[in-house]
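Structure data (compact mmCIF, C-alpha atoms and all ligand atoms) from model_11.txt:
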# COMPACT_ATOMS: atom_id res chain seq x y z
CA MET A 1 -34.64 5.96 18.99
CA LYS A 2 -33.52 2.83 20.88
CA LYS A 3 -30.10 3.44 22.46
CA GLY A 4 -27.30 1.84 20.49
CA SER A 5 -29.12 1.94 17.14
CA PHE A 6 -26.96 2.61 14.09
CA VAL A 7 -29.18 4.31 11.55
CA SER A 8 -27.34 7.10 9.79
CA VAL A 9 -23.76 8.30 9.36
CA ALA A 10 -25.10 11.75 10.21
CA ASP A 11 -25.58 10.52 13.81
CA LEU A 12 -21.82 9.84 14.14
CA SER A 13 -19.25 12.38 15.29
CA LYS A 14 -15.69 12.41 13.94
CA GLU A 15 -14.63 10.77 17.23
CA ASP A 16 -17.29 8.05 16.83
CA ILE A 17 -15.96 7.28 13.33
CA LEU A 18 -12.33 7.14 14.47
CA ARG A 19 -13.27 4.97 17.47
CA LEU A 20 -15.14 2.51 15.18
CA ILE A 21 -12.13 2.42 12.82
CA ARG A 22 -9.83 1.56 15.73
CA LYS A 23 -12.27 -1.15 16.85
CA THR A 24 -12.47 -2.51 13.28
CA ALA A 25 -8.66 -2.82 13.19
CA GLU A 26 -8.79 -4.81 16.44
CA PHE A 27 -11.31 -7.21 14.90
CA GLU A 28 -9.21 -7.59 11.77
CA GLU A 29 -6.32 -8.56 14.03
CA ASN A 30 -8.44 -11.05 15.97
CA PRO A 31 -11.90 -11.73 14.45
CA ASN A 32 -12.76 -14.86 16.44
CA ARG A 33 -14.08 -14.03 19.91
CA THR A 34 -16.97 -15.08 22.13
CA VAL A 35 -18.34 -11.69 23.12
CA LEU A 36 -21.78 -12.44 21.64
CA GLU A 37 -22.25 -15.75 23.44
CA GLY A 38 -25.92 -16.05 24.42
CA LYS A 39 -26.98 -13.22 22.07
CA ILE A 40 -29.34 -13.57 19.12
CA CYS A 41 -29.16 -11.17 16.16
CA ALA A 42 -32.00 -10.93 13.62
CA THR A 43 -31.22 -10.13 9.98
CA LEU A 44 -34.37 -8.82 8.27
CA PHE A 45 -33.65 -8.31 4.56
CA PHE A 46 -36.62 -6.90 2.64
CA GLU A 47 -34.27 -6.30 -0.34
CA PRO A 48 -31.70 -8.61 -1.96
CA SER A 49 -28.14 -8.67 -0.62
CA THR A 50 -25.03 -10.82 -0.81
CA ARG A 51 -22.24 -8.95 0.98
CA THR A 52 -24.12 -7.02 3.64
CA ARG A 53 -26.22 -9.90 4.94
CA LEU A 54 -23.50 -12.55 4.73
CA SER A 55 -20.83 -10.32 6.28
CA PHE A 56 -23.16 -9.33 9.14
CA GLU A 57 -23.98 -13.01 9.69
CA THR A 58 -20.29 -13.94 9.51
CA ALA A 59 -19.55 -11.18 12.01
CA VAL A 60 -22.14 -12.55 14.46
CA ASN A 61 -20.94 -16.14 14.00
CA ARG A 62 -17.28 -15.21 14.51
CA LEU A 63 -18.28 -13.44 17.73
CA GLY A 64 -20.09 -16.51 19.09
CA GLY A 65 -23.65 -15.22 18.64
CA ARG A 66 -26.59 -16.76 16.78
CA VAL A 67 -28.53 -15.48 13.80
CA ILE A 68 -32.24 -15.66 12.96
CA GLY A 69 -33.95 -13.89 10.10
CA PHE A 70 -34.88 -13.92 6.45
CA SER A 71 -33.34 -12.98 3.13
CA ASP A 72 -36.61 -12.94 1.19
CA ALA A 73 -39.58 -11.09 2.65
CA ALA A 74 -41.91 -13.02 0.31
CA THR A 75 -41.53 -16.00 2.65
CA THR A 76 -42.64 -13.97 5.69
CA SER A 77 -45.97 -12.70 6.96
CA SER A 78 -45.31 -9.29 5.39
CA SER A 79 -46.52 -11.02 2.19
CA LYS A 80 -49.85 -11.51 4.03
CA GLY A 81 -50.02 -7.81 4.83
CA GLU A 82 -48.24 -7.62 8.20
CA THR A 83 -46.93 -4.10 8.74
CA LEU A 84 -43.27 -3.21 9.25
CA LYS A 85 -44.22 -1.93 12.71
CA ASP A 86 -45.66 -5.29 13.79
CA THR A 87 -42.78 -7.25 12.25
CA VAL A 88 -40.16 -5.16 14.01
CA LYS A 89 -42.02 -5.18 17.36
CA MET A 90 -42.38 -8.93 17.20
CA VAL A 91 -38.78 -9.69 16.16
CA GLY A 92 -37.62 -7.44 19.00
CA ASN A 93 -39.23 -10.02 21.32
CA TYR A 94 -37.02 -12.75 19.89
CA ALA A 95 -33.66 -11.10 19.30
CA ASP A 96 -31.19 -8.81 21.10
CA LEU A 97 -30.42 -6.83 17.95
CA ILE A 98 -32.15 -6.18 14.60
CA ILE A 99 -30.14 -5.71 11.39
CA MET A 100 -32.52 -4.55 8.68
CA ARG A 101 -32.40 -3.70 4.97
CA HIS A 102 -35.56 -2.14 3.55
CA TYR A 103 -36.56 -0.54 0.26
CA LEU A 104 -38.20 2.48 1.95
CA GLU A 105 -36.09 5.51 2.82
CA GLY A 106 -36.37 6.15 6.55
CA ALA A 107 -37.47 2.58 7.36
CA ALA A 108 -34.49 1.97 9.67
CA ARG A 109 -35.08 5.20 11.59
CA TYR A 110 -38.75 4.24 11.98
CA ALA A 111 -37.83 0.72 13.14
CA SER A 112 -35.36 2.14 15.68
CA GLU A 113 -38.14 4.27 17.15
CA ILE A 114 -40.52 1.36 17.72
CA ALA A 115 -38.18 -1.55 18.52
CA ASP A 116 -37.24 -2.47 22.07
CA VAL A 117 -33.76 -3.53 20.90
CA PRO A 118 -31.11 -1.62 18.88
CA VAL A 119 -31.58 -1.49 15.10
CA ILE A 120 -28.72 -1.43 12.58
CA ASN A 121 -29.51 0.03 9.16
CA ALA A 122 -28.26 -2.34 6.44
CA GLY A 123 -29.51 0.04 3.71
CA ASP A 124 -32.78 1.98 3.40
CA GLY A 125 -33.80 2.67 -0.19
CA ALA A 126 -31.64 5.30 -1.87
CA ASN A 127 -31.05 7.02 1.47
CA GLN A 128 -28.20 5.59 3.58
CA HIS A 129 -25.94 2.57 3.91
CA PRO A 130 -24.00 3.45 7.07
CA SER A 131 -22.31 0.09 7.71
CA GLN A 132 -20.99 0.21 4.13
CA THR A 133 -19.63 3.66 4.89
CA MET A 134 -17.76 2.36 7.94
CA LEU A 135 -16.08 -0.35 5.86
CA ASP A 136 -15.39 2.21 3.12
CA LEU A 137 -13.80 4.62 5.60
CA TYR A 138 -11.80 1.77 7.11
CA SER A 139 -10.61 0.76 3.63
CA ILE A 140 -9.66 4.33 2.77
CA HIS A 141 -7.82 4.80 6.07
CA LYS A 142 -6.03 1.48 5.69
CA THR A 143 -4.85 2.14 2.14
CA GLN A 144 -4.05 5.86 2.47
CA GLY A 145 -2.82 5.92 6.09
CA THR A 146 -5.19 8.82 6.80
CA LEU A 147 -8.70 10.09 6.09
CA GLU A 148 -7.61 13.72 6.00
CA ASP A 149 -7.23 15.90 2.87
CA LEU A 150 -7.90 13.21 0.28
CA THR A 151 -9.22 13.65 -3.25
CA VAL A 152 -12.14 11.26 -3.64
CA THR A 153 -13.73 10.75 -7.05
CA MET A 154 -17.18 9.16 -7.15
CA VAL A 155 -18.46 7.77 -10.43
CA GLY A 156 -21.79 6.50 -11.74
CA ASP A 157 -25.19 6.56 -10.09
CA LEU A 158 -24.86 9.45 -7.68
CA LYS A 159 -28.61 9.98 -7.59
CA TYR A 160 -29.75 6.62 -6.23
CA GLY A 161 -26.45 5.30 -4.83
CA ARG A 162 -26.96 5.20 -1.08
CA THR A 163 -23.31 4.30 -0.50
CA ILE A 164 -22.38 7.61 -2.15
CA HIS A 165 -24.78 9.59 0.03
CA SER A 166 -23.50 8.00 3.25
CA LEU A 167 -19.84 8.32 2.27
CA ILE A 168 -20.15 12.05 1.55
CA VAL A 169 -21.47 12.55 5.08
CA GLY A 170 -18.83 10.27 6.61
CA MET A 171 -15.92 11.94 4.78
CA SER A 172 -17.21 15.44 5.59
CA HIS A 173 -15.25 15.47 8.88
CA PHE A 174 -11.92 15.02 7.11
CA ARG A 175 -11.54 17.98 4.67
CA PRO A 176 -12.05 15.95 1.47
CA SER A 177 -11.93 17.29 -2.05
CA PHE A 178 -14.67 15.54 -4.01
CA ARG A 179 -14.97 14.96 -7.77
CA PHE A 180 -18.37 13.70 -8.93
CA ILE A 181 -18.80 12.08 -12.33
CA ALA A 182 -22.35 11.31 -13.43
CA PRO A 183 -24.66 11.88 -16.39
CA ASP A 184 -27.24 14.62 -15.86
CA GLU A 185 -29.92 12.00 -15.19
CA LEU A 186 -27.93 10.55 -12.27
CA ARG A 187 -26.49 13.76 -10.84
CA LEU A 188 -25.94 13.99 -7.08
CA PRO A 189 -29.18 15.22 -5.44
CA GLU A 190 -29.45 18.86 -4.43
CA THR A 191 -29.70 17.95 -0.74
CA TYR A 192 -26.12 16.56 -0.76
CA ARG A 193 -24.78 19.52 -2.74
CA GLN A 194 -26.44 21.74 -0.13
CA PHE A 195 -24.88 19.64 2.64
CA MET A 196 -21.40 20.14 1.16
CA ASP A 197 -21.98 23.88 0.70
CA ASN A 198 -23.11 24.15 4.32
CA HIS A 199 -19.99 22.31 5.49
CA GLY A 200 -17.62 24.29 3.25
CA LEU A 201 -16.51 21.16 1.35
CA ARG A 202 -14.74 21.42 -2.01
CA TYR A 203 -16.33 19.60 -4.93
CA GLU A 204 -16.49 19.64 -8.71
CA GLU A 205 -18.98 17.90 -11.00
CA PHE A 206 -18.28 16.33 -14.40
CA THR A 207 -20.24 14.37 -16.98
CA GLU A 208 -17.14 13.01 -18.74
CA PHE A 209 -15.19 10.13 -17.15
CA SER A 210 -11.75 11.39 -18.08
CA GLU A 211 -8.25 10.23 -17.19
CA ASP A 212 -7.44 13.77 -16.05
CA VAL A 213 -9.81 13.35 -13.12
CA ILE A 214 -8.58 9.83 -12.34
CA ASN A 215 -4.97 11.09 -12.36
CA GLU A 216 -5.61 13.61 -9.59
CA SER A 217 -7.52 11.16 -7.34
CA ASP A 218 -6.48 9.24 -4.24
CA ILE A 219 -9.69 7.19 -4.22
CA LEU A 220 -11.77 6.24 -7.24
CA TYR A 221 -15.18 5.08 -5.99
CA MET A 222 -17.10 3.33 -8.79
CA THR A 223 -20.81 2.52 -8.50
CA ARG A 224 -23.44 0.48 -10.31
CA VAL A 225 -26.46 2.14 -11.90
CA GLN A 226 -29.25 1.12 -9.48
CA ARG A 227 -31.76 -0.49 -11.82
CA GLU A 228 -34.14 -1.33 -8.98
CA ARG A 229 -34.70 2.36 -8.15
CA PHE A 230 -35.91 3.39 -11.65
CA THR A 231 -39.65 3.74 -12.13
CA ASP A 232 -39.17 3.86 -15.92
CA LEU A 233 -36.88 1.07 -17.22
CA MET A 234 -36.45 2.93 -20.52
CA GLU A 235 -34.61 5.59 -18.52
CA TYR A 236 -32.39 2.88 -17.04
CA GLU A 237 -31.59 1.53 -20.52
CA LYS A 238 -30.32 4.99 -21.55
CA VAL A 239 -27.74 5.20 -18.75
CA LYS A 240 -26.99 1.63 -17.73
CA ASN A 241 -23.52 1.41 -19.33
CA VAL A 242 -22.63 5.06 -19.04
CA TYR A 243 -19.10 4.64 -17.64
CA THR A 244 -16.69 1.71 -17.69
CA LEU A 245 -13.24 1.67 -16.12
CA HIS A 246 -10.54 -0.10 -18.20
CA SER A 247 -7.02 -0.85 -16.95
CA ASP A 248 -5.43 1.39 -19.58
CA MET A 249 -7.21 4.36 -17.98
CA LEU A 250 -4.99 3.92 -14.91
CA THR A 251 -1.65 4.50 -16.67
CA GLY A 252 -1.10 8.02 -15.30
CA SER A 253 -2.79 7.53 -11.94
CA ARG A 254 -1.14 8.17 -8.58
CA ASP A 255 0.73 5.27 -6.94
CA ASN A 256 -1.54 5.53 -3.90
CA LEU A 257 -4.75 5.45 -5.95
CA ARG A 258 -7.14 2.72 -4.81
CA ILE A 259 -10.27 1.71 -6.68
CA LEU A 260 -13.28 1.00 -4.49
CA HIS A 261 -16.73 -0.30 -5.41
CA PRO A 262 -19.44 -1.34 -2.94
CA LEU A 263 -20.32 -4.21 -5.33
CA PRO A 264 -22.12 -5.88 -6.99
CA ARG A 265 -20.58 -4.57 -10.22
CA VAL A 266 -22.36 -4.93 -13.53
CA ASN A 267 -20.35 -3.27 -16.33
CA GLU A 268 -18.57 -0.44 -14.47
CA ILE A 269 -15.20 -2.13 -14.00
CA MET A 270 -13.66 -4.35 -16.67
CA TYR A 271 -12.18 -7.62 -15.43
CA ASP A 272 -8.70 -6.57 -16.54
CA VAL A 273 -8.71 -3.97 -13.74
CA ASP A 274 -8.93 -6.78 -11.15
CA ASP A 275 -5.25 -7.58 -11.73
CA SER A 276 -4.14 -4.04 -10.93
CA PRO A 277 -2.60 -3.51 -7.47
CA LYS A 278 -4.84 -0.45 -7.34
CA ALA A 279 -8.02 -2.57 -7.40
CA TYR A 280 -9.17 -2.84 -3.79
CA TYR A 281 -12.88 -3.77 -4.03
CA PHE A 282 -12.58 -7.40 -2.94
CA GLU A 283 -10.45 -6.50 0.09
CA GLN A 284 -12.93 -3.70 0.76
CA ALA A 285 -15.77 -6.26 0.93
CA LYS A 286 -13.67 -8.44 3.25
CA ASN A 287 -13.17 -5.47 5.57
CA GLY A 288 -16.97 -5.48 5.89
CA VAL A 289 -16.85 -8.38 8.34
CA TYR A 290 -14.53 -6.52 10.74
CA ALA A 291 -16.35 -3.20 10.39
CA ARG A 292 -19.64 -4.94 11.13
CA GLN A 293 -18.18 -6.73 14.14
CA ALA A 294 -17.25 -3.30 15.49
CA ILE A 295 -20.72 -1.88 14.74
CA ILE A 296 -22.54 -4.82 16.36
CA CYS A 297 -20.43 -4.62 19.54
CA ASP A 298 -20.94 -0.87 19.69
CA ALA A 299 -24.70 -1.26 19.31
CA LEU A 300 -24.81 -3.81 22.14
CA LYS A 301 -22.36 -1.80 24.29
CA LEU A 302 -19.90 -4.72 24.42
N1 LIG B 1 -22.44 -3.45 -0.96
C1 LIG B 1 -23.62 -4.04 -0.78
O1 LIG B 1 -24.53 -3.51 -0.11
O2 LIG B 1 -23.75 -5.27 -1.37
P1 LIG B 1 -24.99 -6.22 -1.23
O3 LIG B 1 -26.17 -5.53 -1.90
O4 LIG B 1 -24.60 -7.50 -1.90
O5 LIG B 1 -25.29 -6.40 0.24

Structure encoded using structure tokens:
Amino acid sequence: MKKGSFVSVADLSKEDILRLIRKTAEFEENPNRTVLEGKICATLFFEPSTRTRLSFETAVNRLGGRVIGFSDAATTSSSKGETLKDTVKMVGNYADLIIMRHYLEGAARYASEIADVPVINAGDGANQHPSQTMLDLYSIHKTQGTLEDLTVTMVGDLKYGRTIHSLIVGMSHFRPSFRFIAPDELRLPETYRQFMDNHGLRYEEFTEFSEDVINESDILYMTRVQRERFTDLMEYEKVKNVYTLHSDMLTGSRDNLRILHPLPRVNEIMYDVDDSPKAYYFEQAKNGVYARQAIICDALKL
């Protein structure tokens, strides 16, 4: 793997995570710098994105670098049959850093093994979304004052939600107590349950989205059902509106509760929740710029 690549949260130690959080706070304090002057960053998005691509590009621009890339692979030579290997090799000749989102699990790891420049994983299929995890951890730390000993409830598509998978690994260093709420069809995969068992982490699973669970949570992490990952759309139709958070469900919740969502939302959070001081998802997305500034500088050893 090319040195500096940022592919999986599993590659980060607790110290790495805390160092990146400190660096993120520095960028929040002062986001406009010129440390990337003369550097070119390529954003290769083989899947749609709003927040991840635009916040990475904002991060590069605020640091004085330049961006090349694409947001729609249909306009590139991959639509003519060019392989991922050739695309990555070639872009590595043009740019100092590759930021890539791809629909195949493991694509970022593969790219990092063939590229001559560091690769940042901006999401690979249902596998990992490590830069999202860094902004999630930053948001949790900022709102709770700590990452240690928190009760984190994750709701929705725990099967395909890559932000869930990454966040479990990221939080594993900090003695979390997890609550997972999902229908049977979208239950957390066995590999992550195994991971938590191996790390001695506490967790409980539920199919009902009840106020009892919300009331004992510090973080309520809502997710969208990932329509694009279903091979059978009839299956998606059965679960697409499985859980919706309404403001009246927050009446008995802890004062420190914060509601996170990686966004985009579809029907998981009613608009009346947006007015609650416990709704943090838009600030969370804003934190993405600072977290990604920290990740980019780390990757380039700046
Ligand atoms: N959170 C997230 O990955 O959003 P986008 O798909 O808009 O990048």

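Comparing the minimum interatomic distances between ligand LIG 1 (chain B) and each of A:Ser49, A:Ser79, A:Ser13, A:Asn267, counting all atoms listed in the file, we find that A:Ser49 sits nearest.
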
Who sits within 12 Å of Asn121 in chain A, all atoms listed in the file, same chain under 3 positions skipped, as a CSV table (one decimal) with C-alpha atoms, keeping the file's coordinate frame:
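Contents of out18.csv, as written:
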chain,number,residue,atom,x,y,z
A,4,GLY,CA,-27.3,1.8,20.5
A,5,SER,CA,-29.1,1.9,17.1
A,6,PHE,CA,-27.0,2.6,14.1
A,7,VAL,CA,-29.2,4.3,11.6
A,8,SER,CA,-27.3,7.1,9.8
A,9,VAL,CA,-23.8,8.3,9.4
A,43,THR,CA,-31.2,-10.1,10.0
A,44,LEU,CA,-34.4,-8.8,8.3
A,45,PHE,CA,-33.6,-8.3,4.6
A,46,PHE,CA,-36.6,-6.9,2.6
A,52,THR,CA,-24.1,-7.0,3.6
A,53,ARG,CA,-26.2,-9.9,4.9
A,56,PHE,CA,-23.2,-9.3,9.1
A,97,LEU,CA,-30.4,-6.8,18.0
A,98,ILE,CA,-32.2,-6.2,14.6
A,99,ILE,CA,-30.1,-5.7,11.4
A,100,MET,CA,-32.5,-4.6,8.7
A,101,ARG,CA,-32.4,-3.7,5.0
A,102,HIS,CA,-35.6,-2.1,3.6
A,103,TYR,CA,-36.6,-0.5,0.3
A,104,LEU,CA,-38.2,2.5,2.0
A,105,GLU,CA,-36.1,5.5,2.8
A,106,GLY,CA,-36.4,6.2,6.6
A,107,ALA,CA,-37.5,2.6,7.4
A,108,ALA,CA,-34.5,2.0,9.7
A,109,ARG,CA,-35.1,5.2,11.6
A,110,TYR,CA,-38.8,4.2,12.0
A,111,ALA,CA,-37.8,0.7,13.1
A,112,SER,CA,-35.4,2.1,15.7
A,118,PRO,CA,-31.1,-1.6,18.9
A,124,ASP,CA,-32.8,2.0,3.4
A,125,GLY,CA,-33.8,2.7,-0.2
A,127,ASN,CA,-31.0,7.0,1.5
A,128,GLN,CA,-28.2,5.6,3.6
A,129,HIS,CA,-25.9,2.6,3.9
A,130,PRO,CA,-24.0,3.4,7.1
A,131,SER,CA,-22.3,0.1,7.7
A,132,GLN,CA,-21.0,0.2,4.1
A,133,THR,CA,-19.6,3.7,4.9
A,162,ARG,CA,-27.0,5.2,-1.1
A,166,SER,CA,-23.5,8.0,3.2
A,292,ARG,CA,-19.6,-4.9,11.1
A,295,ILE,CA,-20.7,-1.9,14.7
A,296,ILE,CA,-22.5,-4.8,16.4
A,299,ALA,CA,-24.7,-1.3,19.3

(message) So that I can see what lies close to Leu250 in chain A, please list as a ChimeraX atom specification the residues with an atom at most 9 Å from it, counting only C-alpha atoms and leaving out residues fewer than 2 positions away in the same chain.
(response) /A:211,214-215,245-248,252-254,273,276,278

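With all atoms listed in the file as the atoms that count, the residue of A:Glu28, A:Glu216, A:Pro189, A:Ser55 with the shortest distance to ligand LIG 1 (chain B) is A:Ser55.
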
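Put simply, CA of Ala279 in chain A is 26.5 Å away from CA of Arg19 in chain A.
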
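Using only C-alpha atoms, the shortest contact distance between Gly123 in chain A and any of A:Ala73, A:Leu137, A:Leu84, A:Ile164 is found at A:Ile164.
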
(request) Mind giving me the straight-line distance from CA of Gly64 in chain A to CA of Leu135 in chain A in Å, one decimal? (result) 21.3 Å

(message) At a cut-off of 9 Å around the point (-21.9, -8.4, 23.1) (file coordinates), what residues fall inside when counting only C-alpha atoms? I'd like the answer as a list in words.
(response) Thr34, Val35, Leu36, Glu37, Gly38, Lys39, Leu63, Gly65, Ile296, Cys297, Asp298, Ala299, Leu300, Lys301 and Leu302 of chain A

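You can rank A:His173, A:Lys80, A:Arg62, A:Arg224 by their closest distance to Ile17 in chain A using all atoms listed in the file, and at the top of that list sits A:His173.
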
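Across the structure, CA of Gln144 in chain A and CA of Tyr160 in chain A are spaced 27.1 Å apart.
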
(message) Taking 4 positions as the minimum chain separation for residues in the same chain, which residues sit within 10 Å of Pro176 in chain A when counting only C-alpha atoms? Answer as a count of residues only.
(response) 12

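Using only C-alpha atoms for every distance, the candidate list A:Leu220, A:Gly170, A:Phe178, A:Val88 yields A:Gly170 as the residue closest to Lys14 in chain A.
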
(message) For a quick check of understanding, using only C-alpha atoms, which of A:Asp212, A:Asp274, A:Glu113, A:Glu57 has the smallest distance to Val289 in chain A?
(response) A:Glu57
